[in-house]
>>> print(open('protein_0.cif').read())   # mmCIF, C-alpha atoms and all ligand atoms
data_entry
loop_
_atom_site.label_atom_id
_atom_site.label_comp_id
_atom_site.auth_asym_id
_atom_site.auth_seq_id
_atom_site.Cartn_x
_atom_site.Cartn_y
_atom_site.Cartn_z
CA MET A 201 -125.24 -70.59 -154.53
CA ASP A 202 -127.84 -73.23 -153.58
CA GLU A 203 -126.82 -74.25 -150.09
CA SER A 204 -129.74 -76.63 -149.51
CA SER A 205 -128.03 -79.43 -151.48
CA ASP A 206 -124.86 -79.29 -149.36
CA SER A 207 -124.38 -81.94 -146.69
CA PHE A 208 -125.00 -81.33 -142.97
CA ARG A 209 -121.30 -80.97 -142.22
CA THR A 210 -120.78 -78.42 -144.99
CA ARG A 211 -123.83 -76.36 -144.01
CA ALA A 212 -122.66 -76.31 -140.39
CA ILE A 213 -119.51 -74.53 -141.59
CA HIS A 214 -120.82 -72.28 -144.36
CA VAL A 215 -124.49 -71.38 -143.81
CA GLY A 216 -124.77 -68.31 -141.58
CA ASN A 217 -121.00 -67.85 -141.76
CA GLN A 218 -120.60 -65.66 -144.84
CA VAL A 219 -117.34 -63.83 -145.45
CA ASP A 220 -117.50 -60.31 -143.98
CA PRO A 221 -117.95 -58.04 -147.03
CA SER A 222 -116.11 -55.07 -145.49
CA THR A 223 -112.89 -56.92 -144.54
CA GLY A 224 -112.92 -60.33 -146.19
CA ALA A 225 -112.72 -62.01 -142.78
CA VAL A 226 -113.78 -65.65 -143.14
CA VAL A 227 -115.17 -65.59 -139.61
CA PRO A 228 -117.99 -63.04 -139.32
CA PRO A 229 -117.37 -60.34 -136.69
CA ILE A 230 -119.18 -60.48 -133.35
CA HIS A 231 -121.71 -57.63 -133.20
CA LEU A 232 -121.85 -56.36 -129.64
CA ALA A 233 -123.97 -53.27 -130.36
CA SER A 234 -127.12 -53.10 -128.28
CA THR A 235 -128.76 -50.52 -130.57
CA PHE A 236 -128.64 -49.65 -134.27
CA ARG A 237 -128.93 -46.30 -136.04
CA GLN A 238 -132.25 -46.07 -137.83
CA PRO A 239 -132.84 -44.76 -141.37
CA GLY A 240 -135.33 -42.18 -140.03
CA ALA A 241 -137.71 -41.43 -137.17
CA GLY A 242 -140.21 -44.27 -137.08
CA VAL A 243 -138.39 -45.95 -139.97
CA TRP A 244 -137.01 -49.40 -139.13
CA GLY A 245 -133.94 -50.99 -140.66
CA GLU A 246 -133.07 -54.70 -140.51
CA PHE A 247 -131.88 -54.26 -136.91
CA ASP A 248 -132.99 -51.73 -134.31
CA TYR A 249 -132.37 -53.13 -130.82
CA SER A 250 -130.44 -56.26 -129.87
CA ARG A 251 -133.21 -57.93 -127.87
CA SER A 252 -135.37 -57.85 -131.00
CA GLY A 253 -132.60 -58.83 -133.41
CA ASN A 254 -128.81 -58.94 -133.56
CA PRO A 255 -126.61 -59.81 -136.58
CA THR A 256 -124.51 -62.38 -134.67
CA ARG A 257 -127.62 -64.04 -133.24
CA GLY A 258 -129.23 -63.87 -136.68
CA ASN A 259 -126.27 -65.71 -138.23
CA LEU A 260 -126.43 -68.45 -135.61
CA GLN A 261 -130.19 -68.82 -136.10
CA THR A 262 -129.65 -69.13 -139.86
CA THR A 263 -127.15 -71.96 -139.33
CA LEU A 264 -129.41 -73.72 -136.85
CA ALA A 265 -132.45 -73.51 -139.14
CA SER A 266 -130.43 -74.98 -141.99
CA LEU A 267 -129.27 -77.90 -139.81
CA GLU A 268 -132.80 -78.81 -138.70
CA GLY A 269 -133.83 -79.63 -142.27
CA GLU A 270 -136.25 -78.44 -144.93
CA GLN A 271 -139.29 -78.44 -142.63
CA CYS A 272 -137.71 -75.73 -140.46
CA ALA A 273 -139.30 -72.28 -140.82
CA GLY A 274 -136.68 -70.72 -138.57
CA ALA A 275 -134.78 -70.91 -135.30
CA LEU A 276 -134.47 -68.77 -132.17
CA ALA A 277 -131.52 -68.58 -129.77
CA PHE A 278 -132.12 -68.14 -126.02
CA SER A 279 -130.01 -67.38 -122.96
CA SER A 280 -130.30 -71.00 -121.77
CA GLY A 281 -132.05 -74.26 -122.56
CA MET A 282 -134.55 -73.57 -119.77
CA ALA A 283 -135.36 -70.16 -121.27
CA ALA A 284 -136.14 -71.93 -124.56
CA ILE A 285 -138.46 -74.45 -122.86
CA HIS A 286 -140.05 -71.66 -120.84
CA CYS A 287 -140.80 -69.77 -124.06
CA VAL A 288 -142.72 -72.83 -125.32
CA THR A 289 -144.71 -73.09 -122.09
CA MET A 290 -145.65 -69.41 -122.43
CA LEU A 291 -147.82 -70.46 -125.40
CA LEU A 292 -150.15 -71.94 -122.73
CA LYS A 293 -152.84 -70.28 -120.66
CA ALA A 294 -154.74 -71.13 -117.46
CA GLY A 295 -156.74 -74.34 -117.80
CA ASP A 296 -154.50 -75.83 -120.49
CA HIS A 297 -153.08 -79.32 -120.01
CA VAL A 298 -149.59 -80.60 -120.89
CA ILE A 299 -148.50 -84.19 -121.37
CA ALA A 300 -144.80 -84.60 -120.71
CA GLY A 301 -142.51 -87.61 -120.67
CA CYS A 302 -141.81 -89.37 -117.38
CA ASP A 303 -138.14 -89.70 -118.41
CA LEU A 304 -137.68 -85.94 -118.34
CA TYR A 305 -134.79 -83.57 -117.54
CA GLY A 306 -135.15 -82.43 -113.90
CA GLY A 307 -135.24 -78.74 -114.84
CA ALA A 308 -138.14 -79.29 -117.24
CA TYR A 309 -139.94 -81.28 -114.54
CA ARG A 310 -139.43 -78.39 -112.11
CA LEU A 311 -140.59 -75.76 -114.63
CA LEU A 312 -143.78 -77.68 -115.39
CA HIS A 313 -144.61 -78.68 -111.81
CA LYS A 314 -143.42 -75.69 -109.82
CA ILE A 315 -143.73 -72.67 -112.16
CA CYS A 316 -146.32 -73.42 -114.87
CA ASN A 317 -148.72 -74.80 -112.24
CA ARG A 318 -148.82 -71.30 -110.69
CA SER A 319 -150.56 -70.06 -113.86
CA GLY A 320 -153.14 -72.85 -113.77
CA VAL A 321 -151.46 -75.15 -116.30
CA GLU A 322 -151.87 -78.84 -115.50
CA VAL A 323 -149.27 -81.51 -116.23
CA THR A 324 -149.48 -85.27 -116.61
CA LEU A 325 -146.31 -87.33 -116.93
CA VAL A 326 -146.64 -90.29 -119.26
CA ASP A 327 -144.31 -92.94 -120.65
CA MET A 328 -143.64 -91.49 -124.11
CA THR A 329 -142.58 -94.88 -125.44
CA ASP A 330 -146.19 -96.06 -125.00
CA PRO A 331 -148.37 -94.25 -127.60
CA ALA A 332 -151.53 -95.86 -126.19
CA ALA A 333 -150.77 -94.34 -122.78
CA VAL A 334 -150.16 -90.92 -124.37
CA GLN A 335 -153.41 -91.21 -126.30
CA ALA A 336 -155.27 -92.18 -123.12
CA ALA A 337 -153.84 -89.17 -121.25
CA MET A 338 -155.05 -86.68 -123.88
CA THR A 339 -157.96 -84.53 -122.71
CA PRO A 340 -159.86 -81.80 -124.58
CA LYS A 341 -157.65 -79.35 -122.66
CA THR A 342 -154.34 -80.88 -123.84
CA LYS A 343 -152.54 -78.17 -125.80
CA LEU A 344 -148.93 -79.40 -125.66
CA ILE A 345 -147.08 -82.70 -125.71
CA TRP A 346 -143.48 -82.29 -124.52
CA GLY A 347 -141.00 -85.13 -124.87
CA GLU A 348 -137.32 -85.87 -125.17
CA THR A 349 -135.90 -87.67 -128.19
CA ILE A 350 -133.65 -89.56 -125.80
CA GLY A 351 -135.23 -89.61 -122.33
CA ASN A 352 -133.27 -88.49 -119.33
CA PRO A 353 -131.77 -90.36 -117.50
CA ARG A 354 -133.16 -93.74 -118.63
CA LEU A 355 -132.45 -93.05 -122.32
CA SER A 356 -135.94 -94.08 -123.48
CA ILE A 357 -136.69 -93.50 -127.17
CA PRO A 358 -140.20 -92.42 -128.20
CA ASP A 359 -141.54 -92.96 -131.72
CA LEU A 360 -141.74 -89.34 -132.88
CA ALA A 361 -144.13 -89.86 -135.81
CA ASP A 362 -146.60 -91.72 -133.56
CA LEU A 363 -146.56 -88.94 -130.99
CA ALA A 364 -146.93 -86.22 -133.64
CA LYS A 365 -149.99 -88.01 -135.02
CA ILE A 366 -151.62 -88.18 -131.56
CA ALA A 367 -150.97 -84.48 -130.91
CA HIS A 368 -152.14 -83.26 -134.30
CA GLN A 369 -155.34 -85.34 -134.32
CA GLN A 370 -156.46 -83.08 -131.51
CA GLY A 371 -154.90 -79.83 -132.68
CA ALA A 372 -152.23 -79.90 -129.94
CA ILE A 373 -148.63 -78.82 -130.48
CA ILE A 374 -145.79 -81.27 -130.00
CA GLY A 375 -142.34 -80.15 -128.93
CA VAL A 376 -139.29 -82.27 -128.17
CA ASP A 377 -136.02 -81.67 -126.41
CA ASN A 378 -133.34 -83.07 -128.73
CA THR A 379 -130.38 -82.06 -126.57
CA PHE A 380 -129.12 -85.67 -126.25
CA GLY A 381 -129.87 -86.52 -129.87
CA THR A 382 -128.39 -83.45 -131.63
CA PRO A 383 -129.39 -82.43 -135.18
CA ALA A 384 -126.36 -84.36 -136.48
CA LEU A 385 -128.04 -87.67 -135.58
CA LEU A 386 -131.76 -86.82 -135.48
CA ARG A 387 -133.91 -84.06 -136.94
CA PRO A 388 -137.35 -84.31 -135.27
CA LEU A 389 -139.06 -81.82 -137.62
CA GLU A 390 -138.61 -84.47 -140.35
CA HIS A 391 -140.82 -86.77 -138.22
CA GLY A 392 -143.72 -84.33 -137.92
CA ILE A 393 -142.66 -82.56 -134.70
CA ASP A 394 -143.60 -78.86 -134.45
CA ILE A 395 -140.86 -77.53 -132.18
CA VAL A 396 -137.39 -78.92 -131.49
CA MET A 397 -135.44 -77.57 -128.55
CA HIS A 398 -131.76 -77.86 -127.57
CA SER A 399 -129.78 -76.88 -124.57
CA ALA A 400 -126.97 -75.34 -126.65
CA THR A 401 -124.93 -75.50 -123.47
CA LYS A 402 -124.39 -79.16 -124.37
CA TYR A 403 -123.42 -80.63 -127.78
CA LEU A 404 -124.10 -77.53 -129.91
CA GLY A 405 -121.59 -75.45 -127.95
CA GLY A 406 -119.68 -78.61 -127.16
CA HIS A 407 -116.90 -77.28 -124.93
CA SER A 408 -118.49 -76.57 -121.50
CA ASP A 409 -117.87 -72.84 -121.90
CA CYS A 410 -121.22 -71.21 -122.62
CA LEU A 411 -124.91 -71.42 -121.74
CA GLY A 412 -127.57 -71.26 -124.42
CA GLY A 413 -130.82 -72.71 -125.71
CA THR A 414 -132.47 -72.97 -129.10
CA LEU A 415 -135.85 -73.62 -130.68
CA ALA A 416 -136.35 -74.65 -134.29
CA VAL A 417 -139.92 -74.48 -135.53
CA ALA A 418 -141.83 -76.17 -138.34
CA GLY A 419 -144.46 -73.54 -139.22
CA GLN A 420 -144.11 -69.79 -139.83
CA SER A 421 -147.09 -68.76 -137.67
CA LEU A 422 -145.84 -70.78 -134.69
CA LEU A 423 -142.34 -69.35 -135.21
CA ASP A 424 -143.81 -65.81 -135.26
CA GLU A 425 -145.68 -66.47 -132.02
CA LEU A 426 -142.58 -67.83 -130.28
CA TYR A 427 -140.51 -64.90 -131.54
CA PHE A 428 -143.16 -62.52 -130.18
CA ILE A 429 -142.91 -64.20 -126.75
CA GLN A 430 -139.11 -64.20 -126.81
CA ASN A 431 -138.95 -60.52 -127.71
CA ALA A 432 -141.60 -59.63 -125.14
CA THR A 433 -139.91 -61.55 -122.31
CA GLY A 434 -136.29 -61.01 -123.29
CA ALA A 435 -134.30 -64.21 -122.70
CA VAL A 436 -132.15 -63.87 -125.84
CA LEU A 437 -128.65 -65.29 -126.30
CA ASP A 438 -125.86 -62.71 -126.02
CA PRO A 439 -123.54 -62.15 -129.02
CA LEU A 440 -120.41 -63.70 -127.44
CA SER A 441 -122.29 -66.90 -126.59
CA CYS A 442 -123.84 -66.89 -130.08
CA PHE A 443 -120.31 -66.90 -131.47
CA LEU A 444 -119.25 -69.79 -129.23
CA VAL A 445 -122.29 -71.88 -130.21
CA ALA A 446 -121.76 -71.07 -133.91
CA ARG A 447 -118.13 -72.18 -133.59
CA GLY A 448 -119.20 -75.36 -131.81
CA LEU A 449 -121.65 -76.19 -134.59
CA LYS A 450 -118.84 -76.36 -137.14
CA THR A 451 -117.47 -79.53 -135.49
CA LEU A 452 -120.76 -80.91 -134.15
CA ASP A 453 -121.10 -83.72 -136.66
CA LEU A 454 -117.52 -84.93 -136.20
CA ARG A 455 -117.64 -84.73 -132.42
CA VAL A 456 -120.99 -86.44 -131.96
CA ARG A 457 -120.23 -89.32 -134.32
CA GLU A 458 -116.89 -90.01 -132.66
CA GLN A 459 -118.37 -89.71 -129.16
CA SER A 460 -121.24 -92.04 -130.15
CA CYS A 461 -118.74 -94.70 -131.31
CA THR A 462 -116.91 -94.53 -127.99
CA ALA A 463 -120.21 -94.59 -126.08
CA LEU A 464 -121.30 -97.78 -127.85
CA LYS A 465 -117.97 -99.46 -127.08
CA LEU A 466 -118.20 -98.42 -123.41
CA ALA A 467 -121.82 -99.62 -123.18
CA ARG A 468 -120.83 -103.05 -124.54
CA TRP A 469 -117.90 -103.26 -122.16
CA LEU A 470 -120.03 -102.21 -119.16
CA GLU A 471 -122.57 -104.93 -120.02
CA SER A 472 -119.88 -107.52 -119.41
CA HIS A 473 -118.65 -105.96 -116.14
CA SER A 474 -119.24 -108.11 -113.06
CA HIS A 475 -120.27 -105.13 -110.85
CA VAL A 476 -122.77 -103.72 -113.34
CA LYS A 477 -126.42 -104.74 -112.99
CA SER A 478 -127.76 -103.26 -116.22
CA VAL A 479 -126.81 -100.87 -119.02
CA LEU A 480 -129.19 -98.53 -120.83
CA TYR A 481 -127.94 -97.40 -124.22
CA PRO A 482 -130.16 -97.09 -127.32
CA GLY A 483 -127.44 -98.61 -129.51
CA LEU A 484 -127.52 -101.92 -127.61
CA GLU A 485 -129.71 -104.56 -129.24
CA ASP A 486 -131.42 -105.33 -125.92
CA HIS A 487 -132.46 -101.70 -125.28
CA PRO A 488 -136.29 -101.77 -125.21
CA GLN A 489 -136.61 -99.22 -128.05
CA HIS A 490 -133.52 -100.19 -130.05
CA ALA A 491 -135.57 -100.74 -133.23
CA THR A 492 -137.17 -97.28 -132.98
CA ALA A 493 -133.78 -95.72 -132.31
CA ALA A 494 -132.22 -97.52 -135.29
CA ARG A 495 -135.01 -96.17 -137.51
CA GLN A 496 -134.91 -92.58 -136.24
CA PHE A 497 -131.20 -91.98 -135.73
CA ASP A 498 -128.75 -91.37 -138.52
CA GLY A 499 -125.57 -93.38 -138.00
CA GLY A 500 -125.11 -93.11 -134.21
CA PHE A 501 -127.11 -93.41 -130.99
CA GLY A 502 -125.71 -90.50 -129.04
CA ALA A 503 -123.00 -90.31 -126.42
CA MET A 504 -125.01 -90.66 -123.20
CA VAL A 505 -124.79 -93.99 -121.37
CA THR A 506 -126.71 -94.89 -118.21
CA PHE A 507 -125.95 -97.94 -116.10
CA GLU A 508 -126.86 -99.37 -112.73
CA LEU A 509 -124.23 -100.60 -110.33
CA ALA A 510 -124.80 -103.74 -108.29
CA GLY A 511 -124.06 -101.73 -105.18
CA THR A 512 -125.49 -99.48 -102.50
CA MET A 513 -126.28 -95.77 -102.70
CA ASP A 514 -122.95 -94.98 -100.98
CA GLN A 515 -120.95 -97.28 -103.25
CA THR A 516 -122.54 -95.63 -106.29
CA ALA A 517 -121.60 -92.19 -105.00
CA LYS A 518 -118.07 -93.47 -104.28
CA ALA A 519 -117.73 -94.78 -107.85
CA CYS A 520 -118.77 -91.37 -109.22
CA GLU A 521 -116.23 -89.69 -106.93
CA SER A 522 -113.36 -92.05 -107.84
CA THR A 523 -112.88 -91.33 -111.54
CA ARG A 524 -109.83 -89.44 -112.73
CA LEU A 525 -110.81 -88.51 -116.30
CA PHE A 526 -114.60 -88.43 -115.99
CA HIS A 527 -115.40 -85.22 -114.08
CA LEU A 528 -118.09 -85.55 -111.42
CA ALA A 529 -120.41 -82.85 -112.75
CA VAL A 530 -123.88 -82.20 -114.09
CA SER A 531 -124.27 -81.15 -117.73
CA LEU A 532 -123.13 -83.15 -120.73
CA GLY A 533 -122.25 -82.99 -124.38
CA ALA A 534 -118.74 -81.56 -124.23
CA VAL A 535 -115.31 -82.82 -125.23
CA GLU A 536 -114.50 -83.87 -121.67
CA SER A 537 -116.34 -86.88 -120.23
CA LEU A 538 -118.63 -86.37 -117.24
CA ILE A 539 -120.11 -88.73 -114.68
CA GLU A 540 -123.06 -88.12 -112.35
CA GLN A 541 -125.59 -89.77 -110.06
CA PRO A 542 -129.05 -88.65 -111.36
CA ALA A 543 -130.85 -89.29 -108.05
CA THR A 544 -128.71 -86.75 -106.20
CA MET A 545 -127.71 -84.45 -109.05
CA SER A 546 -129.54 -83.89 -112.39
CA HIS A 547 -132.84 -85.29 -111.08
CA ALA A 548 -132.68 -84.06 -107.49
CA SER A 549 -135.56 -81.65 -108.28
CA TYR A 550 -137.94 -84.62 -108.84
CA ASP A 551 -140.21 -85.52 -105.93
CA PRO A 552 -138.70 -88.67 -104.35
CA THR A 553 -141.91 -90.61 -105.10
CA ASP A 554 -141.67 -89.71 -108.81
CA ARG A 555 -137.99 -90.72 -108.83
CA ALA A 556 -138.90 -94.13 -107.45
CA LYS A 557 -141.90 -94.47 -109.79
CA PHE A 558 -139.88 -93.63 -112.91
CA GLY A 559 -136.89 -95.86 -112.20
CA ILE A 560 -134.38 -93.20 -111.20
CA SER A 561 -132.79 -95.46 -108.62
CA ASP A 562 -129.94 -94.59 -106.27
CA GLY A 563 -127.63 -97.00 -108.09
CA LEU A 564 -128.03 -95.27 -111.44
CA ILE A 565 -124.98 -93.58 -112.99
CA ARG A 566 -125.13 -91.38 -116.08
CA LEU A 567 -122.12 -90.86 -118.32
CA SER A 568 -121.58 -88.15 -120.90
CA VAL A 569 -118.91 -89.65 -123.11
CA GLY A 570 -116.42 -87.12 -124.40
CA LEU A 571 -113.63 -87.22 -126.95
CA GLU A 572 -110.95 -88.95 -124.87
CA SER A 573 -109.84 -92.39 -126.10
CA PHE A 574 -111.98 -95.45 -125.38
CA ASP A 575 -109.11 -97.28 -123.69
CA ASP A 576 -108.42 -94.43 -121.26
CA LEU A 577 -112.11 -94.01 -120.40
CA LYS A 578 -112.58 -97.75 -119.89
CA ARG A 579 -109.56 -97.97 -117.59
CA ASP A 580 -110.77 -94.96 -115.61
CA LEU A 581 -114.28 -96.37 -115.11
CA ASP A 582 -112.99 -99.81 -114.24
CA GLN A 583 -110.71 -98.54 -111.48
CA ALA A 584 -113.49 -96.30 -110.08
CA ILE A 585 -116.06 -99.11 -110.02
CA CYS A 586 -113.60 -101.56 -108.45
CA THR A 587 -112.46 -98.98 -105.86
CA ALA A 588 -116.09 -98.37 -104.86
CA LEU A 589 -117.26 -101.98 -104.77
CA GLU A 590 -114.19 -103.85 -103.68
CA GLY A 591 -112.92 -101.26 -101.19
C1 LIG B 601 -131.88 -82.57 -121.68
C2 LIG B 601 -131.76 -81.19 -121.15
N1 LIG B 601 -132.65 -80.27 -121.51
C3 LIG B 601 -132.58 -79.00 -121.06
C4 LIG B 601 -131.60 -78.60 -120.19
C5 LIG B 601 -131.56 -77.18 -119.69
O1 LIG B 601 -130.59 -76.47 -120.37
P1 LIG B 601 -129.77 -75.24 -119.74
O2 LIG B 601 -128.98 -75.77 -118.60
O3 LIG B 601 -128.96 -74.74 -120.88
O4 LIG B 601 -130.79 -74.26 -119.28
C6 LIG B 601 -130.63 -79.52 -119.80
C7 LIG B 601 -129.56 -79.12 -118.86
O5 LIG B 601 -128.87 -79.93 -118.30
C8 LIG B 601 -130.71 -80.85 -120.28
O6 LIG B 601 -129.83 -81.79 -119.90
#
>>> encode(input="protein_0.cif", output="structure tokens")
Amino acid sequence: MDESSDSFRTRAIHVGNQVDPSTGAVVPPIHLASTFRQPGAGVWGEFDYSRSGNPTRGNLQTTLASLEGEQCAGALAFSSGMAAIHCVTMLLKAGDHVIAGCDLYGGAYRLLHKICNRSGVEVTLVDMTDPAAVQAAMTPKTKLIWGETIGNPRLSIPDLADLAKIAHQQGAIIGVDNTFGTPALLRPLEHGIDIVMHSATKYLGGHSDCLGGTLAVAGQSLLDELYFIQNATGAVLDPLSCFLVARGLKTLDLRVREQSCTALKLARWLESHSHVKSVLYPGLEDHPQHATAARQFDGGFGAMVTFELAGTMDQTAKACESTRLFHLAVSLGAVESLIEQPATMSHASYDPTDRAKFGISDGLIRLSVGLESFDDLKRDLDQAICTALEG
């Protein structure tokens, strides 16, 4: 059967999820074995040791590779999103230079500035929505450009093809974190990106019940190198979590499209709210990169919404603490809606000067819009904002 012509939604259900030949089970069994009997001494079968390869992880990686599009040479599943990003940074050596986005997940910021720097890797943060600034920051030592398809927390949208061109002109690799975008709405490898990363903890798993990370890679030699690093350093995803992510993928398309619709409605409603100073959502016509987003995204702009309250630091915290349905929690991408204050939570690991420089103000609130109904979420936010600002 030629699976490549099937739609995204169909592949998410069938590719990597073949019927178990020994029992007919339509859900493949979870292989917990850590080691595999070999055909002979020094003779290697398909699997030998679970760090190097595991059937359940292999199935998940097959599904993921199929969802990232034709350019994908293969995918790797890691124990967390950070482990996946760390694997990419292990391609670098002392003296190499990285350009990363200034609208970057706090954990990636911390990895680059407080771990990679120990090995002599230098980092420059640049506004990824400004290709001229990225070009100007390139040095002969630049080996990696690292961006996010939807920046965090300001939801900036870089032009992926422009960035890929800048990286490749100089022989650098470009990787992007597509956790907010998801492969349902955006497949960066189709835009010339070399490596796409996801925190599978978020939309891919989708239910706030497992940690994981993934890389999908455009070229075989780069994939081989990343696999070598993963196997040598060991941060693979365990079989039970592989199963949970694989199950999440089956409903990814449905979930993300529905959540994106609700997010757009909430963003429009927030824009008209008297206590809201500004709303950042790529689906709004006045978002600075709306045109780029409309070109790159496929039928939805994601389910993350950031807005700024016309209130103090304490009032903002109070609003985040006053919701009933939105849980006050870091993370995102699950069926339940979450609310957080980036300055004190997801981006607390930024230096305060960088937070101020990159617009991560104390009044900023980030929403991860779940699958609850729009009306319930709107009512919940409204009462929380009014409680905080009107006392
Ligand atoms: C955009 C983004 N990238 C990467 C990560 C790290 O993923 P994990 O927590 O699975 O290590 C996160 C976690 O919040 C994230 O939001």
>>> closest_residue(input="protein_0.cif", among="A:Gly511, A:Tyr550, A:Ala300, A:Ser561", to="A:Gly591", atoms="all atoms listed in the file")
A:Gly511
>>> residues_near_point(input="protein_0.cif", point="(-109.4, -96.2, -124.0)", cutoff="12 Å", atoms="all atoms listed in the file", output="list in words")
Cys461, Thr462, Ala463, Lys465, Leu466, Trp469, Leu525, Val569, Gly570, Leu571, Glu572, Ser573, Phe574, Asp575, Asp576, Leu577, Lys578, Arg579, Asp580, Leu581 and Asp582 of chain A
>>> axis_aligned_box(input="protein_0.cif", around="ligand LIG 601 (chain B)", padding_each_side="6 Å", output="JSON")
{"center_x": -130.8, "center_y": -78.4, "center_z": -120.0, "size_x": 15.8, "size_y": 20.3, "size_z": 15.4}
>>> residues_near_ligand(input="protein_0.cif", ligand="ligand LIG 601 (chain B)", cutoff="6 Å", atoms="all atoms listed in the file", output="CSV table (one decimal) with C-alpha atoms, in the coordinates of the input")
chain,number,residue,atom,x,y,z
A,280,SER,CA,-130.3,-71.0,-121.8
A,281,GLY,CA,-132.0,-74.3,-122.6
A,282,MET,CA,-134.6,-73.6,-119.8
A,305,TYR,CA,-134.8,-83.6,-117.5
A,379,THR,CA,-130.4,-82.1,-126.6
A,399,SER,CA,-129.8,-76.9,-124.6
A,401,THR,CA,-124.9,-75.5,-123.5
A,411,LEU,CA,-124.9,-71.4,-121.7
A,412,GLY,CA,-127.6,-71.3,-124.4
A,413,GLY,CA,-130.8,-72.7,-125.7
A,531,SER,CA,-124.3,-81.2,-117.7
>>> atom_distance(input="protein_0.cif", atom1="atom CA of A:Gly224", atom2="atom CA of A:Leu444")
20.4 Å
>>> closest_residue(input="protein_0.cif", among="A:Leu452, A:Leu437, A:Val298, A:Ala225", to="A:His407", atoms="only C-alpha atoms")
A:Leu452
>>> build_atoms(input="protein_0.cif", residues="stretch 479-495 of chain A", atoms="N, CA and C atoms", output="PDB file, in the frame of the given file")
ATOM      1  N   VAL A 479    -127.297-102.011-118.231  1.00  0.00           N
ATOM      2  CA  VAL A 479    -126.810-100.870-119.020  1.00  0.00           C
ATOM      3  C   VAL A 479    -127.949-100.414-119.922  1.00  0.00           C
ATOM      4  N   LEU A 480    -128.171 -99.095-119.938  1.00  0.00           N
ATOM      5  CA  LEU A 480    -129.190 -98.530-120.830  1.00  0.00           C
ATOM      6  C   LEU A 480    -128.466 -97.716-121.891  1.00  0.00           C
ATOM      7  N   TYR A 481    -128.510 -98.176-123.123  1.00  0.00           N
ATOM      8  CA  TYR A 481    -127.940 -97.400-124.220  1.00  0.00           C
ATOM      9  C   TYR A 481    -128.721 -97.769-125.484  1.00  0.00           C
ATOM     10  N   PRO A 482    -129.267 -96.778-126.182  1.00  0.00           N
ATOM     11  CA  PRO A 482    -130.160 -97.090-127.320  1.00  0.00           C
ATOM     12  C   PRO A 482    -129.486 -97.881-128.432  1.00  0.00           C
ATOM     13  N   GLY A 483    -128.150 -97.869-128.477  1.00  0.00           N
ATOM     14  CA  GLY A 483    -127.440 -98.610-129.510  1.00  0.00           C
ATOM     15  C   GLY A 483    -127.280-100.086-129.197  1.00  0.00           C
ATOM     16  N   LEU A 484    -127.607-100.493-127.968  1.00  0.00           N
ATOM     17  CA  LEU A 484    -127.520-101.920-127.610  1.00  0.00           C
ATOM     18  C   LEU A 484    -128.775-102.639-128.092  1.00  0.00           C
ATOM     19  N   GLU A 485    -128.589-103.821-128.660  1.00  0.00           N
ATOM     20  CA  GLU A 485    -129.710-104.560-129.240  1.00  0.00           C
ATOM     21  C   GLU A 485    -130.785-104.861-128.204  1.00  0.00           C
ATOM     22  N   ASP A 486    -130.397-104.992-126.921  1.00  0.00           N
ATOM     23  CA  ASP A 486    -131.420-105.330-125.920  1.00  0.00           C
ATOM     24  C   ASP A 486    -132.066-104.086-125.281  1.00  0.00           C
ATOM     25  N   HIS A 487    -131.746-102.891-125.762  1.00  0.00           N
ATOM     26  CA  HIS A 487    -132.460-101.700-125.280  1.00  0.00           C
ATOM     27  C   HIS A 487    -133.913-101.821-125.756  1.00  0.00           C
ATOM     28  N   PRO A 488    -134.884-101.516-124.859  1.00  0.00           N
ATOM     29  CA  PRO A 488    -136.290-101.770-125.210  1.00  0.00           C
ATOM     30  C   PRO A 488    -136.759-101.049-126.484  1.00  0.00           C
ATOM     31  N   GLN A 489    -136.188 -99.917-126.805  1.00  0.00           N
ATOM     32  CA  GLN A 489    -136.610 -99.220-128.050  1.00  0.00           C
ATOM     33  C   GLN A 489    -135.478 -99.169-129.069  1.00  0.00           C
ATOM     34  N   HIS A 490    -134.653-100.204-129.098  1.00  0.00           N
ATOM     35  CA  HIS A 490    -133.520-100.190-130.050  1.00  0.00           C
ATOM     36  C   HIS A 490    -134.003-100.065-131.500  1.00  0.00           C
ATOM     37  N   ALA A 491    -135.094-100.761-131.832  1.00  0.00           N
ATOM     38  CA  ALA A 491    -135.570-100.740-133.230  1.00  0.00           C
ATOM     39  C   ALA A 491    -136.023 -99.327-133.612  1.00  0.00           C
ATOM     40  N   THR A 492    -136.735 -98.667-132.707  1.00  0.00           N
ATOM     41  CA  THR A 492    -137.170 -97.280-132.980  1.00  0.00           C
ATOM     42  C   THR A 492    -135.960 -96.378-133.142  1.00  0.00           C
ATOM     43  N   ALA A 493    -134.993 -96.553-132.252  1.00  0.00           N
ATOM     44  CA  ALA A 493    -133.780 -95.720-132.310  1.00  0.00           C
ATOM     45  C   ALA A 493    -133.052 -95.951-133.640  1.00  0.00           C
ATOM     46  N   ALA A 494    -132.944 -97.214-134.045  1.00  0.00           N
ATOM     47  CA  ALA A 494    -132.220 -97.520-135.290  1.00  0.00           C
ATOM     48  C   ALA A 494    -132.926 -96.875-136.485  1.00  0.00           C
ATOM     49  N   ARG A 495    -134.244 -96.793-136.419  1.00  0.00           N
ATOM     50  CA  ARG A 495    -135.010 -96.170-137.510  1.00  0.00           C
ATOM     51  C   ARG A 495    -134.863 -94.651-137.505  1.00  0.00           C
TER      52      ARG A 495
END
